[in-house]
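K.L.:
One structure is given below, represented as structure tokens, and several questions about it will come after.
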Amino acid sequence: MKKPCPFIAVEGAIGAGKTTLATMLAERFDYPLLKEIVDENPFLDKFYQNIEEWAFQLEMFFLCNRYKQLEDTVQNYVSQGLPVVSDYHIYKNWIFAQRTLHGDKREKYRQIYHLLTDDLPKPNVIVYIHTELATLLKRIEKRGRSFEQDIDPGYLERLIEDYEMAITQLRTQEPDTVIITIDGNELDFVEHPEHFEQIVAKIKEHL
Ligand SMILES: Nc1ncnc2c1ncn2[C@@H]1O[C@H](COP(=O)(O)OP(=O)(O)O)[C@@H](O)[C@H]1O
Ligand SMILES: Nc1nc2c(ncn2[C@H]2C[C@H](O)[C@@H](COP(=O)(O)O)O2)c(=O)[nH]1
């Protein structure tokens with residue numbers, strides 16, 4: 001059977017190395033790169049100062065932006081049979097929203113999330129970087145975004161667990177999606193070219 005055109009998403013918690021790896025993969029495979037725009041987000045700074053107060057605005061902002069980006073990606077690449085690599089999967093909206101929203105607001109968000117995303121094509125390959133808290137903290141510090149420097153380690157710890165659960169669920173809910181898990185503590189694709197080659201080889205098995 002003919003394999004579908006690659007639509008690869010790199011996922012993992014904050015600072016896992018998604019953008020770095022997605023950029024390297026796009027270059028290696030010569031695929032267009034779909035990248036999250038973070039610096040223009042007007043709510044992130046406020047969100048980290050008061051999560052309860054700003055969570056709904058922030059989650060809706062991410063959802064609307066990603067919906068627009070995904071719509072464009074489908075139109076420009078996926079529906080034309082062209083490959084693409086992205087540094088996120090749309091499902092991450094729901095992973096974060098379940099962590100940051102509660103009660104009525106979560107339910108409203110859930111309905112809007114499904115309305116917007118259920119009928120959109122999803123990535124057929126997910127490269128999931130699993131990384132421990134200590135590594136995430138180091139990378140967040142290295143990246144140096146001021147608003148992320150005081151992130152509660154407890155929040156990151158819970159996100160790591162949320163990601164683990166979400167990936168397990170996706171394996172069951174979407175058995176046709178290839179999910180490649182990378183140990184982000186052991187495999188250092190930045191410092192060790194041979195580690196990057198291992199990741200490329202694993203992906204190639206599924207293309
Ligand atoms: N394997 C790695 N080894 C060392 N530094 C890394 C590695 N992966 C990413 N980084 C660095 O960590 C920071 C966060 O990486 P980034 O790709 O922005 O993560 P994410 O997109 O998952 O939030 C950046 O400064 C990046 O250069
Ligand atoms: N509450 C949410 N925060 C999000 C979401 N997507 C990203 N983020 C935050 C996490 C980082 O501070 C920053 C950039 O994300 P990276 O994973 O690329 O480091 O934005 C979200 O959907 N909800």
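Chain labels follow the order of the structure tokens: the first chain is A, the next B, and so on; residue numbering restarts at 1 in every chain, and ligands are counted from 1 in their shown order.
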Can you tell me, as a PyMOL selection string, what residues are no more than 12 Å from Asp118 in chain A when counting only C-alpha atoms, ignoring any on the same chain fewer than 6 positions away?

P.N.:
chain A and resi 67+90-91+110-112

K.L.:
Please extract the residues at most 6 Å from ligand 2, counting only C-alpha atoms and all ligand atoms, and provide them as a list in words, using the chain letters and residue numbers of this document.

P.N.:
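So the residues close to ligand 2 are Ala13, Ile14, Gly15, Val38, Glu59, Phe62, Lys92, Asn93, Phe96 and Glu148 of chain A.
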
K.L.:
Could you please write out, as a PyMOL selection string, every residue of range 15-182 of chain A that DSSP assigns to strand (DSSP E)?

P.N.:
chain A and resi 33-34+84-86+125-130+178-182

K.L.:
Counting only C-alpha atoms and all ligand atoms, which protein, DNA or RNA residues come within 6 Å of ligand 1, given as a list in words?

P.N.:
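For ligand 1, the residues inside 6 Å are Ile14, Gly15, Ala16, Gly17, Lys18, Thr19, Thr20, Arg139, Ile140, Lys142, Arg143, Asp188, Phe189 and Val190 of chain A.
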
K.L.:
Measuring between only C-alpha atoms, which one of A:Ile126, A:Ile151, A:Ala26, A:Ile203 shows the shortest distance to Ile167 in chain A?

P.N.:
A:Ile126

K.L.:
What does the distance from CA of Ala9 in chain A to CA of Lys105 in chain A come to in Å, to one decimal?

P.N.:
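If I compute the distance from CA of Ala9 in chain A to CA of Lys105 in chain A, I get 27.6 Å.
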
K.L.:
Please measure the separation of CA of Asp39 in chain A and CA of Leu82 in chain A, giving the value in Å to one decimal.

P.N.:
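Atom-to-atom, CA of Asp39 in chain A and CA of Leu82 in chain A are spaced 28.0 Å apart.
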
K.L.:
Rank A:Glu186, A:Glu107, A:Glu191, A:Glu157 by their smallest atom-to-atom distance to Leu133 in chain A, using only C-alpha atoms, and report the top residue only.

P.N.:
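That would be A:Glu157, the residue with the smallest distance to Leu133 in chain A.
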
K.L.:
Which value, in Å to one decimal, gives the distance between CA of Trp54 in chain A and CA of Gln98 in chain A?

P.N.:
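Pair CA of Trp54 in chain A / CA of Gln98 in chain A returns 14.4 Å.
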